[in-house]
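Q: For reference, the file start09.txt (compact mmCIF, C-alpha atoms) is included below:
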# COMPACT_ATOMS: atom_id res chain seq x y z
CA MET A 1 -17.30 -20.06 6.45
CA VAL A 2 -13.59 -19.52 6.90
CA GLY A 3 -12.45 -19.16 10.49
CA LEU A 4 -9.11 -17.35 10.64
CA ASP A 5 -7.53 -19.43 13.35
CA ARG A 6 -4.22 -18.05 14.57
CA LYS A 7 -2.35 -21.15 13.43
CA ARG A 8 -4.25 -22.47 10.41
CA PRO A 9 -7.27 -21.04 8.59
CA GLU A 10 -9.87 -23.60 7.61
CA SER A 11 -9.91 -23.67 3.81
CA ALA A 12 -12.61 -26.19 3.01
CA ALA A 13 -14.92 -23.59 1.49
CA LEU A 14 -12.23 -22.38 -0.87
CA GLU A 15 -10.41 -25.63 -1.59
CA PRO A 16 -12.27 -26.64 -4.78
CA ARG A 17 -11.99 -23.15 -6.26
CA ILE A 18 -8.32 -22.78 -5.44
CA ARG A 19 -7.26 -26.18 -6.76
CA ALA A 20 -9.11 -25.53 -10.01
CA ALA A 21 -7.31 -22.23 -10.60
CA GLY A 22 -3.76 -22.27 -11.86
CA PRO A 23 -1.00 -24.73 -12.81
CA PRO A 24 0.74 -27.35 -10.65
CA TRP A 25 3.70 -25.08 -9.81
CA LEU A 26 1.28 -22.64 -8.19
CA ASP A 27 -0.31 -25.44 -6.19
CA ARG A 28 3.09 -26.15 -4.66
CA ILE A 29 3.60 -22.49 -3.76
CA ARG A 30 0.12 -22.30 -2.21
CA ALA A 31 0.80 -25.38 -0.11
CA ASP A 32 4.16 -24.01 1.06
CA ALA A 33 2.56 -20.68 1.93
CA LEU A 34 -0.23 -22.32 3.92
CA ASP A 35 2.30 -24.39 5.84
CA ARG A 36 4.34 -21.28 6.50
CA PHE A 37 1.31 -19.40 7.80
CA ALA A 38 0.56 -22.32 10.09
CA GLY A 39 4.07 -21.95 11.48
CA LEU A 40 4.00 -18.18 11.79
CA GLY A 41 0.45 -17.55 12.91
CA PHE A 42 -0.86 -14.03 13.04
CA PRO A 43 1.63 -11.50 14.43
CA THR A 44 1.17 -10.18 17.96
CA THR A 45 2.29 -7.06 19.78
CA HIS A 46 5.20 -9.12 21.14
CA ASP A 47 6.68 -8.99 17.62
CA GLU A 48 8.81 -5.85 17.31
CA GLU A 49 7.47 -5.01 13.84
CA TRP A 50 3.89 -5.16 15.18
CA LYS A 51 4.50 -3.64 18.60
CA TYR A 52 1.87 -0.92 18.21
CA THR A 53 -0.67 -2.75 16.01
CA ASN A 54 -2.93 -5.41 17.48
CA VAL A 55 -4.53 -7.70 14.88
CA ALA A 56 -6.39 -9.84 17.43
CA PRO A 57 -9.81 -8.48 16.31
CA ILE A 58 -9.23 -10.09 12.90
CA THR A 59 -8.58 -13.50 14.42
CA ARG A 60 -11.90 -13.40 16.27
CA LEU A 61 -13.96 -12.90 13.12
CA ALA A 62 -15.86 -15.67 11.37
CA LEU A 63 -15.35 -14.70 7.75
CA ASP A 64 -17.06 -15.94 4.62
CA PRO A 65 -14.97 -15.94 1.45
CA ALA A 66 -16.02 -12.99 -0.67
CA LEU A 67 -18.33 -13.91 -3.51
CA ARG A 68 -16.49 -14.39 -6.75
CA VAL A 69 -17.28 -11.71 -9.32
CA PRO A 70 -15.68 -10.89 -12.66
CA ALA A 71 -12.17 -9.54 -12.26
CA ALA A 72 -11.80 -5.78 -12.11
CA VAL A 73 -10.51 -5.62 -15.67
CA GLU A 74 -13.60 -7.41 -16.93
CA LEU A 75 -15.83 -4.75 -15.39
CA SER A 76 -13.79 -1.83 -16.68
CA ALA A 77 -13.31 -0.12 -20.00
CA PRO A 78 -9.55 -0.21 -20.61
CA GLY A 79 -9.96 1.54 -23.97
CA SER A 80 -7.24 1.30 -26.54
CA LEU A 81 -4.04 0.14 -24.89
CA PRO A 82 -0.73 0.35 -26.76
CA LYS A 83 0.15 -2.71 -28.78
CA GLY A 84 1.50 -5.54 -26.68
CA VAL A 85 0.24 -4.25 -23.31
CA ARG A 86 -1.73 -6.91 -21.49
CA LEU A 87 -4.15 -5.96 -18.72
CA CYS A 88 -6.13 -9.02 -17.72
CA SER A 89 -7.18 -11.32 -14.92
CA LEU A 90 -4.66 -13.80 -13.59
CA ALA A 91 -7.03 -16.57 -14.70
CA GLU A 92 -6.64 -15.39 -18.29
CA ALA A 93 -2.91 -14.82 -17.84
CA PHE A 94 -2.39 -18.44 -16.79
CA ARG A 95 -3.52 -19.35 -20.31
CA ALA A 96 -1.99 -16.42 -22.24
CA GLU A 97 1.34 -15.81 -20.46
CA PRO A 98 2.14 -18.87 -18.34
CA ASP A 99 5.92 -18.42 -18.54
CA LEU A 100 5.75 -14.81 -17.35
CA LEU A 101 3.62 -15.79 -14.37
CA GLU A 102 5.83 -18.71 -13.44
CA GLU A 103 8.86 -16.39 -13.51
CA HIS A 104 7.38 -13.62 -11.39
CA LEU A 105 4.15 -14.50 -9.56
CA ALA A 106 4.79 -15.13 -5.84
CA ARG A 107 8.54 -14.78 -6.44
CA HIS A 108 9.08 -11.24 -5.10
CA ALA A 109 6.65 -10.94 -2.18
CA GLY A 110 8.33 -13.40 0.15
CA PHE A 111 6.06 -15.11 2.66
CA GLU A 112 8.76 -16.72 4.82
CA ARG A 113 8.55 -13.95 7.45
CA HIS A 114 5.28 -12.27 6.56
CA ALA A 115 2.13 -13.97 7.81
CA PHE A 116 -0.35 -11.91 5.82
CA VAL A 117 1.60 -12.39 2.59
CA ALA A 118 1.67 -16.13 3.33
CA LEU A 119 -2.09 -16.10 3.86
CA ASN A 120 -2.70 -14.24 0.61
CA THR A 121 -0.42 -16.61 -1.30
CA ALA A 122 -2.07 -19.68 0.21
CA PHE A 123 -5.46 -18.49 -1.06
CA LEU A 124 -4.18 -17.02 -4.32
CA GLU A 125 -6.97 -17.65 -6.77
CA ASP A 126 -7.29 -14.72 -9.13
CA GLY A 127 -6.27 -11.11 -9.51
CA VAL A 128 -4.78 -8.83 -12.13
CA LEU A 129 -1.77 -8.95 -14.43
CA LEU A 130 -0.39 -5.83 -16.07
CA HIS A 131 2.44 -6.53 -18.52
CA ILE A 132 4.08 -3.64 -20.36
CA PRO A 133 6.55 -4.76 -23.04
CA ASP A 134 9.99 -3.25 -23.60
CA GLY A 135 9.98 0.33 -24.83
CA VAL A 136 6.21 0.85 -24.58
CA VAL A 137 4.85 4.10 -23.10
CA VAL A 138 1.29 3.99 -21.72
CA GLU A 139 0.09 7.58 -21.90
CA GLN A 140 -3.20 7.23 -20.01
CA PRO A 141 -3.27 6.22 -16.33
CA LEU A 142 -4.55 2.72 -15.59
CA GLN A 143 -6.83 2.11 -12.61
CA LEU A 144 -7.30 -1.20 -10.81
CA LEU A 145 -10.39 -1.01 -8.61
CA PHE A 146 -11.19 -3.53 -5.86
CA ALA A 147 -14.59 -2.94 -4.25
CA ALA A 148 -15.98 -4.85 -1.28
CA ALA A 149 -19.75 -5.32 -1.42
CA ALA A 150 -21.86 -5.73 1.71
CA ASN A 151 -23.73 -9.04 1.95
CA GLY A 152 -24.81 -9.05 5.58
CA ARG A 153 -21.88 -11.12 6.85
CA PRO A 154 -18.18 -10.37 7.32
CA THR A 155 -16.11 -11.50 4.33
CA VAL A 156 -12.47 -11.97 3.46
CA SER A 157 -10.75 -11.47 0.11
CA HIS A 158 -7.16 -11.88 -1.03
CA PRO A 159 -6.58 -9.68 -4.10
CA ARG A 160 -3.34 -10.28 -5.99
CA VAL A 161 -1.71 -7.95 -8.51
CA LEU A 162 1.37 -8.52 -10.66
CA VAL A 163 2.90 -5.66 -12.65
CA VAL A 164 5.80 -6.39 -14.99
CA ALA A 165 7.25 -3.31 -16.69
CA GLY A 166 9.75 -4.06 -19.45
CA ARG A 167 12.95 -2.25 -20.32
CA ASP A 168 12.50 1.51 -20.94
CA SER A 169 8.73 1.27 -20.51
CA GLN A 170 6.61 3.94 -18.80
CA ALA A 171 3.22 3.85 -17.09
CA THR A 172 1.02 5.35 -14.36
CA VAL A 173 -1.10 2.97 -12.28
CA ILE A 174 -3.74 3.61 -9.60
CA GLU A 175 -4.71 0.70 -7.34
CA SER A 176 -7.87 1.54 -5.35
CA TYR A 177 -9.67 -0.22 -2.49
CA ARG A 178 -13.10 0.82 -1.29
CA GLY A 179 -16.14 -0.60 0.46
CA ALA A 180 -19.64 0.21 1.63
CA ASP A 181 -19.82 2.36 4.76
CA GLY A 182 -20.38 0.37 7.93
CA SER A 183 -19.52 -2.99 6.36
CA VAL A 184 -17.26 -5.42 8.21
CA TYR A 185 -14.76 -7.25 6.00
CA PHE A 186 -11.10 -8.09 5.70
CA THR A 187 -9.08 -7.22 2.60
CA ASN A 188 -5.68 -8.91 2.44
CA ALA A 189 -3.98 -7.62 -0.71
CA VAL A 190 -0.54 -8.29 -2.17
CA THR A 191 1.02 -6.52 -5.16
CA GLU A 192 4.28 -7.45 -6.86
CA VAL A 193 6.00 -4.98 -9.19
CA VAL A 194 8.99 -5.80 -11.39
CA LEU A 195 10.81 -3.01 -13.25
CA GLY A 196 13.20 -3.75 -16.08
CA GLU A 197 16.25 -1.66 -16.94
CA GLY A 198 15.34 2.00 -17.45
CA ALA A 199 11.63 1.44 -16.72
CA LEU A 200 9.64 4.29 -15.18
CA LEU A 201 6.52 3.58 -13.10
CA ASP A 202 4.34 5.95 -11.08
CA TYR A 203 2.16 3.89 -8.71
CA THR A 204 -0.65 5.18 -6.48
CA ARG A 205 -2.29 2.99 -3.87
CA LEU A 206 -5.55 4.46 -2.51
CA VAL A 207 -7.34 2.97 0.52
CA THR A 208 -10.83 4.32 1.25
CA GLU A 209 -12.28 1.23 2.92
CA SER A 210 -15.28 1.09 5.24
CA ASP A 211 -14.69 2.56 8.69
CA ARG A 212 -15.25 -0.95 10.11
CA ALA A 213 -13.02 -2.77 7.65
CA PHE A 214 -9.67 -4.43 8.19
CA HIS A 215 -7.10 -3.87 5.47
CA PHE A 216 -3.65 -5.34 5.00
CA GLY A 217 -1.80 -4.28 1.88
CA ALA A 218 1.70 -5.32 0.83
CA LEU A 219 3.48 -3.76 -2.14
CA HIS A 220 6.78 -5.44 -3.08
CA VAL A 221 8.96 -3.88 -5.78
CA ARG A 222 12.11 -5.09 -7.50
CA GLN A 223 13.97 -2.53 -9.59
CA GLY A 224 16.41 -3.10 -12.40
CA ARG A 225 19.31 -0.92 -13.48
CA SER A 226 18.52 2.80 -13.90
CA SER A 227 14.82 2.21 -13.29
CA SER A 228 12.63 4.76 -11.50
CA PHE A 229 9.74 3.90 -9.18
CA THR A 230 7.47 6.41 -7.47
CA SER A 231 4.88 5.26 -4.95
CA HIS A 232 2.00 7.28 -3.51
CA SER A 233 0.27 5.63 -0.54
CA VAL A 234 -2.95 7.42 0.41
CA THR A 235 -5.05 6.07 3.29
CA LEU A 236 -8.28 7.81 4.26
CA GLY A 237 -10.50 4.86 5.23
CA GLY A 238 -10.50 1.59 7.12
CA GLY A 239 -10.87 0.81 10.80
CA LEU A 240 -7.56 -1.07 11.12
CA VAL A 241 -5.09 -0.63 8.26
CA ARG A 242 -1.54 -1.85 7.73
CA ASN A 243 0.30 -0.71 4.61
CA GLU A 244 3.64 -2.30 3.79
CA VAL A 245 5.92 -1.13 1.00
CA GLY A 246 9.17 -2.90 0.26
CA ALA A 247 11.46 -1.85 -2.57
CA VAL A 248 14.69 -3.59 -3.54
CA LEU A 249 16.95 -1.42 -5.68
CA ALA A 250 18.60 -4.39 -7.32
CA GLY A 251 20.15 -2.54 -10.24
CA GLU A 252 22.86 0.11 -10.30
CA GLY A 253 21.55 3.66 -10.58
CA ALA A 254 17.98 2.82 -9.58
CA GLU A 255 15.78 5.57 -8.11
CA CYS A 256 12.91 5.13 -5.66
CA SER A 257 10.50 7.69 -4.18
CA LEU A 258 7.98 6.73 -1.51
CA ASN A 259 5.28 9.29 -0.72
CA GLY A 260 2.59 8.73 1.88
CA LEU A 261 -0.47 10.54 3.22
CA TYR A 262 -2.69 9.12 5.95
CA ALA A 263 -5.59 10.79 7.73
CA ALA A 264 -7.21 9.07 10.70
CA ARG A 265 -10.14 10.08 12.89
CA GLY A 266 -12.42 8.54 15.50
CA ARG A 267 -10.73 5.32 16.56
CA GLN A 268 -9.05 4.50 13.28
CA HIS A 269 -5.66 2.81 13.40
CA ILE A 270 -3.30 3.22 10.43
CA ASP A 271 0.11 1.53 10.34
CA ASN A 272 2.70 2.22 7.63
CA TYR A 273 5.76 -0.02 7.42
CA THR A 274 8.27 0.69 4.66
CA THR A 275 11.60 -0.79 3.62
CA ILE A 276 13.95 0.53 0.95
CA ASP A 277 16.81 -1.89 0.28
CA HIS A 278 19.76 -0.35 -1.57
CA ALA A 279 21.49 -3.41 -2.98
CA ARG A 280 23.62 -1.84 -5.75
CA PRO A 281 25.75 1.33 -6.04
CA HIS A 282 24.71 4.80 -7.21
CA SER A 283 21.10 4.35 -6.14
CA THR A 284 18.84 7.10 -4.80
CA SER A 285 15.77 7.10 -2.59
CA HIS A 286 13.52 9.82 -1.20
CA GLU A 287 10.77 9.09 1.30
CA LEU A 288 8.22 11.43 2.86
CA TYR A 289 5.15 10.27 4.78
CA LYS A 290 2.70 12.71 6.37
CA GLY A 291 -0.09 11.92 8.83
CA ILE A 292 -3.08 13.87 10.15
CA LEU A 293 -4.75 12.48 13.27
CA ASP A 294 -7.90 13.57 15.08
CA GLY A 295 -10.17 12.14 17.78
CA HIS A 296 -8.77 9.00 19.42
CA ALA A 297 -7.02 7.87 16.23
CA GLN A 298 -3.68 6.09 16.27
CA ALA A 299 -0.97 5.86 13.65
CA VAL A 300 2.31 4.04 13.27
CA PHE A 301 5.19 4.79 10.95
CA HIS A 302 8.17 2.45 10.77
CA GLY A 303 10.54 3.18 7.92
CA ARG A 304 13.71 1.25 7.22
CA ILE A 305 16.47 2.15 4.80
CA ILE A 306 19.05 -0.57 4.26
CA VAL A 307 22.32 0.18 2.48
CA ARG A 308 24.21 -2.99 1.56
CA ARG A 309 28.01 -3.18 1.55
CA GLU A 310 28.02 -3.18 -2.26
CA ALA A 311 25.78 -0.09 -2.46
CA GLN A 312 28.45 2.62 -2.40
CA LYS A 313 27.46 6.16 -3.48
CA THR A 314 23.92 5.70 -2.15
CA ASP A 315 21.89 8.85 -1.55
CA ALA A 316 18.87 8.34 0.73
CA ILE A 317 16.52 10.70 2.57
CA GLN A 318 13.68 9.60 4.86
CA ARG A 319 11.19 11.84 6.68
CA ASN A 320 7.96 11.37 8.60
CA LYS A 321 5.80 14.32 9.70
CA ASN A 322 2.64 14.10 11.79
CA LEU A 323 0.00 16.67 12.66
CA LEU A 324 -2.15 16.04 15.74
CA LEU A 325 -5.51 17.78 15.82
CA SER A 326 -6.60 16.24 19.12
CA GLU A 327 -4.96 15.70 22.49
CA ASP A 328 -6.21 12.11 22.41
CA ALA A 329 -4.59 11.19 19.07
CA VAL A 330 -1.42 9.09 19.24
CA VAL A 331 1.37 8.42 16.76
CA ASN A 332 4.39 6.14 17.11
CA THR A 333 7.14 6.85 14.59
CA LYS A 334 10.45 5.07 14.05
CA PRO A 335 12.64 6.06 11.11
CA GLN A 336 15.57 3.68 10.82
CA LEU A 337 18.86 3.47 8.92
CA GLU A 338 20.95 0.33 8.50
CA ILE A 339 24.15 1.25 6.69
CA TYR A 340 26.87 -1.25 5.80
CA ALA A 341 28.68 0.86 3.18
CA ASP A 342 31.09 3.72 3.95
CA ASP A 343 30.66 6.10 1.00
CA VAL A 344 27.02 7.17 1.29
CA ARG A 345 24.83 10.14 2.12
CA CYS A 346 21.82 9.21 4.24
CA THR A 347 19.54 11.24 6.51
CA HIS A 348 16.32 10.56 8.37
CA GLY A 349 14.00 12.27 10.80
CA ALA A 350 10.51 12.48 12.26
CA THR A 351 8.29 15.19 13.74
CA VAL A 352 5.05 15.11 15.71
CA GLY A 353 3.26 18.34 16.52
CA GLN A 354 0.16 20.49 16.40
CA VAL A 355 -0.88 23.28 14.07
CA ASP A 356 1.88 25.92 13.94
CA ALA A 357 1.02 28.63 16.46
CA ASP A 358 2.78 31.43 14.55
CA ALA A 359 1.01 30.57 11.30
CA LEU A 360 -2.30 30.35 13.15
CA PHE A 361 -1.73 33.76 14.75
CA TYR A 362 -0.88 35.26 11.36
CA LEU A 363 -4.13 34.04 9.82
CA ARG A 364 -6.14 35.17 12.86
CA SER A 365 -4.58 38.61 12.55
CA ARG A 366 -5.97 38.76 9.00
CA GLY A 367 -9.50 38.30 10.28
CA ILE A 368 -9.84 34.55 9.70
CA ALA A 369 -11.71 32.65 12.40
CA GLN A 370 -9.64 30.18 14.40
CA ALA A 371 -11.45 27.04 13.22
CA GLN A 372 -11.17 28.13 9.60
CA ALA A 373 -7.51 29.05 10.05
CA ARG A 374 -6.76 25.58 11.47
CA HIS A 375 -8.63 24.07 8.56
CA LEU A 376 -6.57 26.00 6.01
CA LEU A 377 -3.27 25.10 7.66
CA THR A 378 -4.22 21.43 7.87
CA CYS A 379 -5.17 21.34 4.19
CA ALA A 380 -1.88 23.01 3.35
CA PHE A 381 -0.01 20.37 5.37
CA ALA A 382 -1.65 17.62 3.30
CA GLY A 383 -1.44 19.60 0.07
CA GLU A 384 2.27 18.93 -0.34
CA MET A 385 1.56 15.21 -0.70
CA ILE A 386 -1.53 15.62 -2.88
CA ASP A 387 0.40 17.89 -5.25
CA ARG A 388 2.88 15.07 -5.85
CA LEU A 389 0.22 12.88 -7.45
CA LYS A 390 0.69 12.65 -11.18
CA VAL A 391 -2.97 12.33 -12.17
CA GLU A 392 -4.67 15.71 -12.09
CA ALA A 393 -8.19 14.35 -11.65
CA LEU A 394 -7.05 12.32 -8.64
CA ARG A 395 -5.37 15.34 -7.10
CA GLY A 396 -8.61 17.32 -7.33
CA LEU A 397 -10.72 14.48 -5.96
CA LEU A 398 -8.50 13.84 -2.95
CA ALA A 399 -8.10 17.53 -2.14
CA GLU A 400 -11.89 17.94 -2.18
CA THR A 401 -12.48 14.76 -0.16
CA LEU A 402 -9.94 15.63 2.51
CA ALA A 403 -11.09 19.24 2.76
CA GLY A 404 -14.71 18.17 3.18
CA ARG A 405 -13.77 15.62 5.79
CA LEU A 406 -11.74 18.13 7.82
CA GLU A 407 -14.49 20.72 7.54
CA ALA A 408 -17.06 18.25 8.85
CA GLU A 409 -14.84 17.33 11.79
CA ARG A 410 -14.50 21.01 12.69
CA GLY A 411 -18.21 21.65 12.47
CA GLY A 412 -17.86 23.97 9.49
CA GLY A 413 -15.54 26.44 11.17
CA GLY A 414 -16.56 29.49 13.18
Hey, can you dump this file as structure tokens for me?

A:
Amino acid sequence: MVGLDRKRPESAALEPRIRAAGPPWLDRIRADALDRFAGLGFPTTHDEEWKYTNVAPITRLALDPALRVPAAVELSAPGSLPKGVRLCSLAEAFRAEPDLLEEHLARHAGFERHAFVALNTAFLEDGVLLHIPDGVVVEQPLQLLFAAAANGRPTVSHPRVLVVAGRDSQATVIESYRGADGSVYFTNAVTEVVLGEGALLDYTRLVTESDRAFHFGALHVRQGRSSSFTSHSVTLGGGLVRNEVGAVLAGEGAECSLNGLYAARGRQHIDNYTTIDHARPHSTSHELYKGILDGHAQAVFHGRIIVRREAQKTDAIQRNKNLLLSEDAVVNTKPQLEIYADDVRCTHGATVGQVDADALFYLRSRGIAQAQARHLLTCAFAGEMIDRLKVEALRGLLAETLAGRLEAERGGGG
């Protein structure tokens, strides 16, 4: 059993497995990360970045390490990948591409200030590597599925993903997390993405965890010159969820788009924390996150855009929009700009409101019942984000799932 003590998690149950997995350089990183977590401890609401999210329930759990099963890629059917593309477990990658892992693994998701990243790195055992060589275009979307299985006791897992996209490469990736309804578990996931010059990557992160699960997910991206990264963060499940996305536009002319959709009901709590760091000139970023809250649900959006002194000619837009379906739902939103350059164009804003009264009246005047009219307007609010997804099958699935969920909450209209 692994007790997640605030200062130092007991690792005896995992120690033999961890030490047997990976080279000596990774052992040093794990040890540094564990020491750093011991110094940081779990964040509290006294920390500004966690002011509205209380993780104390996680610290009170007695968690067993999740049973080790074959990596997601071993259970999937990747089909015929283009020549040179490697999609494999980290355990295999340590043997097949040790230099690539040493260069990038645990190098971009810094754990110095991030307790959950430190915890994941300390227990880094296995995960997934996706390596796309220079100039390769992967036509079919790739899905990485992480499923939590119920075993009667709360469990903890620390999935790790590394994506390295070479120069002028292109790919679409879906990273999914799900679990059995009613199960109690803690998923602490970290993903690192590295984009070479001119690379294009469309990345969807889908969280449909158990309604009693705890989920922390960190996505850290480093972009090269003229690269393009598009992120879609979709959160429909989980009892307590924190999604972090951090993108460093380290190359001139890089483009970054962050899209987010979160729907919370009951007493769900969903926290989105994003950072876009414009480090070089002529970079562009567009960010839009939308939330739908019902019942006693709570949501947090904290978005930061940083424009470094060297990042002249930056163009950045950040927006957060929230729709409250209940008087008891609460959202705390904080869009933020930190600008150190003087030749930029940056805007940000946030809105929190209910279903538009004029639009509702218009639909009612056409003979549509009020509950059904609210349902249609809510689906339309979410539809803008769903339509941005690149994979058609995923768009259809999410639209159907969200519509069914909203219909159930409204009792089927009337």

Q: Here's a test: counting all atoms listed in the file, identify every protein, DNA and RNA residue with an atom at most 10 Å from (0.5, 2.3, 11.1) in the file's coordinate frame, and state them as a ChimeraX atom specification.

A: /A:50,52-53,240-244,262,269-273,291,298-302,331-333

Q: Save out the residues we just selected, C-alpha atoms, as a compact mmCIF listing (two decimals), in the frame of the given file.

A:
# COMPACT_ATOMS: atom_id res chain seq x y z
CA TRP A 50 3.89 -5.16 15.18
CA TYR A 52 1.87 -0.92 18.21
CA THR A 53 -0.67 -2.75 16.01
CA LEU A 240 -7.56 -1.07 11.12
CA VAL A 241 -5.09 -0.63 8.26
CA ARG A 242 -1.54 -1.85 7.73
CA ASN A 243 0.30 -0.71 4.61
CA GLU A 244 3.64 -2.30 3.79
CA TYR A 262 -2.69 9.12 5.95
CA HIS A 269 -5.66 2.81 13.40
CA ILE A 270 -3.30 3.22 10.43
CA ASP A 271 0.11 1.53 10.34
CA ASN A 272 2.70 2.22 7.63
CA TYR A 273 5.76 -0.02 7.42
CA GLY A 291 -0.09 11.92 8.83
CA GLN A 298 -3.68 6.09 16.27
CA ALA A 299 -0.97 5.86 13.65
CA VAL A 300 2.31 4.04 13.27
CA PHE A 301 5.19 4.79 10.95
CA HIS A 302 8.17 2.45 10.77
CA VAL A 331 1.37 8.42 16.76
CA ASN A 332 4.39 6.14 17.11
CA THR A 333 7.14 6.85 14.59

Q: Pick the closest to A:Arg28 from A:Val55, A:Leu389, A:Ala122, A:Val184: which is it, counting only C-alpha atoms?

A: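 Nearest candidate to A:Arg28 out of A:Val55, A:Leu389, A:Ala122, A:Val184: A:Ala122.
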
Q: Counting all atoms listed in the file, I want the residues whose atoms come within 9 Å of (-5.3, 9.5, 19.1) in the file frame, returned as a PyMOL selection string.

A: chain A and resi 264-269+293-299+324-331

Q: Find the residues around A:Ala91 up to 10 Å (only C-alpha atoms counted), leave out those fewer than 3 positions away in its own chain, and share them as JSON, numbers by chain.

A: {"A": [21, 22, 71, 88, 94, 95, 96, 125, 126, 127, 128, 129]}

Q: Give me, please, the distance in Å between atom CA of A:Pro281 and atom CA of A:Gln312, quoted to one decimal.

A: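 Spanning atom CA of A:Pro281 to atom CA of A:Gln312 is a straight-line distance of 4.7 Å.
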
Q: Env of A:Leu87: 10 Å cut, atoms = all atoms listed in the file, seq-sep filter 3 positions within chain, self excluded. Answer as a list in words.

A: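 Listing them by chain and then by number gives Val73, Glu74, Pro78, Leu81, Gly84, Leu90, Glu92, Ala93, Val128, Leu129, Leu130, His131, Ile132, Leu142, Leu144 and Val163 of chain A.
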
Q: Would you mind exporting C-alpha atoms of the selected residues as a CSV table (one decimal), in the coordinates of the input?

A:
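Ended up saving to result_37.csv:
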chain,number,residue,atom,x,y,z
A,73,VAL,CA,-10.5,-5.6,-15.7
A,74,GLU,CA,-13.6,-7.4,-16.9
A,78,PRO,CA,-9.6,-0.2,-20.6
A,81,LEU,CA,-4.0,0.1,-24.9
A,84,GLY,CA,1.5,-5.5,-26.7
A,90,LEU,CA,-4.7,-13.8,-13.6
A,92,GLU,CA,-6.6,-15.4,-18.3
A,93,ALA,CA,-2.9,-14.8,-17.8
A,128,VAL,CA,-4.8,-8.8,-12.1
A,129,LEU,CA,-1.8,-9.0,-14.4
A,130,LEU,CA,-0.4,-5.8,-16.1
A,131,HIS,CA,2.4,-6.5,-18.5
A,132,ILE,CA,4.1,-3.6,-20.4
A,142,LEU,CA,-4.6,2.7,-15.6
A,144,LEU,CA,-7.3,-1.2,-10.8
A,163,VAL,CA,2.9,-5.7,-12.6

Q: When distances are computed from only C-alpha atoms, which of A:Glu97, A:Glu400, A:Glu287, A:Asp277 shows the smallest separation from A:Val221?

A: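 Closest to A:Val221, using only C-alpha atoms: A:Asp277.
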
Q: So the first atom is atom CA of A:Val352 and the second is atom CA of A:Ala371; what is the distance between them in Å, to one decimal place?

A: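 Value for the atom CA of A:Val352-atom CA of A:Ala371 distance: 20.5 Å.
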
Q: Write out as a ChimeraX atom specification each polymer residue whose atoms come within 10 Å of A:Gly383, counting all atoms listed in the file; drop sequence neighbours fewer than 2 positions from it.

A: /A:261,377-381,385-388,395,398-399,402

Q: A:Ala180, A:Val138, A:Leu63, A:Val194: which is nearest A:Leu249, counting all atoms listed in the file?

A: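 Closest residue, counting all atoms listed in the file: A:Val194.
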
Q: Could I get stretch 289-300 of chain A rebuilt with N, CA and C atoms, written as a PDB file, in the coordinates of the input?

A:
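Wrote result_8.pdb, looks like this:
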ATOM      1  N   TYR A 289       6.495  10.660   4.365  1.00  0.00           N
ATOM      2  CA  TYR A 289       5.150  10.270   4.780  1.00  0.00           C
ATOM      3  C   TYR A 289       4.608  11.324   5.737  1.00  0.00           C
ATOM      4  N   LYS A 290       3.351  11.732   5.515  1.00  0.00           N
ATOM      5  CA  LYS A 290       2.700  12.710   6.370  1.00  0.00           C
ATOM      6  C   LYS A 290       1.391  12.147   6.907  1.00  0.00           C
ATOM      7  N   GLY A 291       1.138  12.398   8.205  1.00  0.00           N
ATOM      8  CA  GLY A 291      -0.090  11.920   8.830  1.00  0.00           C
ATOM      9  C   GLY A 291      -0.852  13.036   9.507  1.00  0.00           C
ATOM     10  N   ILE A 292      -2.189  12.951   9.455  1.00  0.00           N
ATOM     11  CA  ILE A 292      -3.080  13.870  10.150  1.00  0.00           C
ATOM     12  C   ILE A 292      -3.997  13.041  11.032  1.00  0.00           C
ATOM     13  N   LEU A 293      -3.988  13.299  12.333  1.00  0.00           N
ATOM     14  CA  LEU A 293      -4.750  12.480  13.270  1.00  0.00           C
ATOM     15  C   LEU A 293      -5.667  13.349  14.107  1.00  0.00           C
ATOM     16  N   ASP A 294      -6.903  12.872  14.276  1.00  0.00           N
ATOM     17  CA  ASP A 294      -7.900  13.570  15.080  1.00  0.00           C
ATOM     18  C   ASP A 294      -8.613  12.543  15.961  1.00  0.00           C
ATOM     19  N   GLY A 295      -9.415  13.037  16.903  1.00  0.00           N
ATOM     20  CA  GLY A 295     -10.170  12.140  17.780  1.00  0.00           C
ATOM     21  C   GLY A 295      -9.251  11.275  18.617  1.00  0.00           C
ATOM     22  N   HIS A 296      -9.588   9.977  18.695  1.00  0.00           N
ATOM     23  CA  HIS A 296      -8.770   9.000  19.420  1.00  0.00           C
ATOM     24  C   HIS A 296      -7.964   8.137  18.440  1.00  0.00           C
ATOM     25  N   ALA A 297      -7.720   8.652  17.259  1.00  0.00           N
ATOM     26  CA  ALA A 297      -7.020   7.870  16.230  1.00  0.00           C
ATOM     27  C   ALA A 297      -5.585   7.577  16.630  1.00  0.00           C
ATOM     28  N   GLN A 298      -5.072   6.489  16.044  1.00  0.00           N
ATOM     29  CA  GLN A 298      -3.680   6.090  16.270  1.00  0.00           C
ATOM     30  C   GLN A 298      -3.018   5.811  14.931  1.00  0.00           C
ATOM     31  N   ALA A 299      -1.743   6.132  14.861  1.00  0.00           N
ATOM     32  CA  ALA A 299      -0.970   5.860  13.650  1.00  0.00           C
ATOM     33  C   ALA A 299       0.407   5.358  14.021  1.00  0.00           C
ATOM     34  N   VAL A 300       0.962   4.581  13.105  1.00  0.00           N
ATOM     35  CA  VAL A 300       2.310   4.040  13.270  1.00  0.00           C
ATOM     36  C   VAL A 300       3.067   4.269  11.975  1.00  0.00           C
TER      37      VAL A 300
END
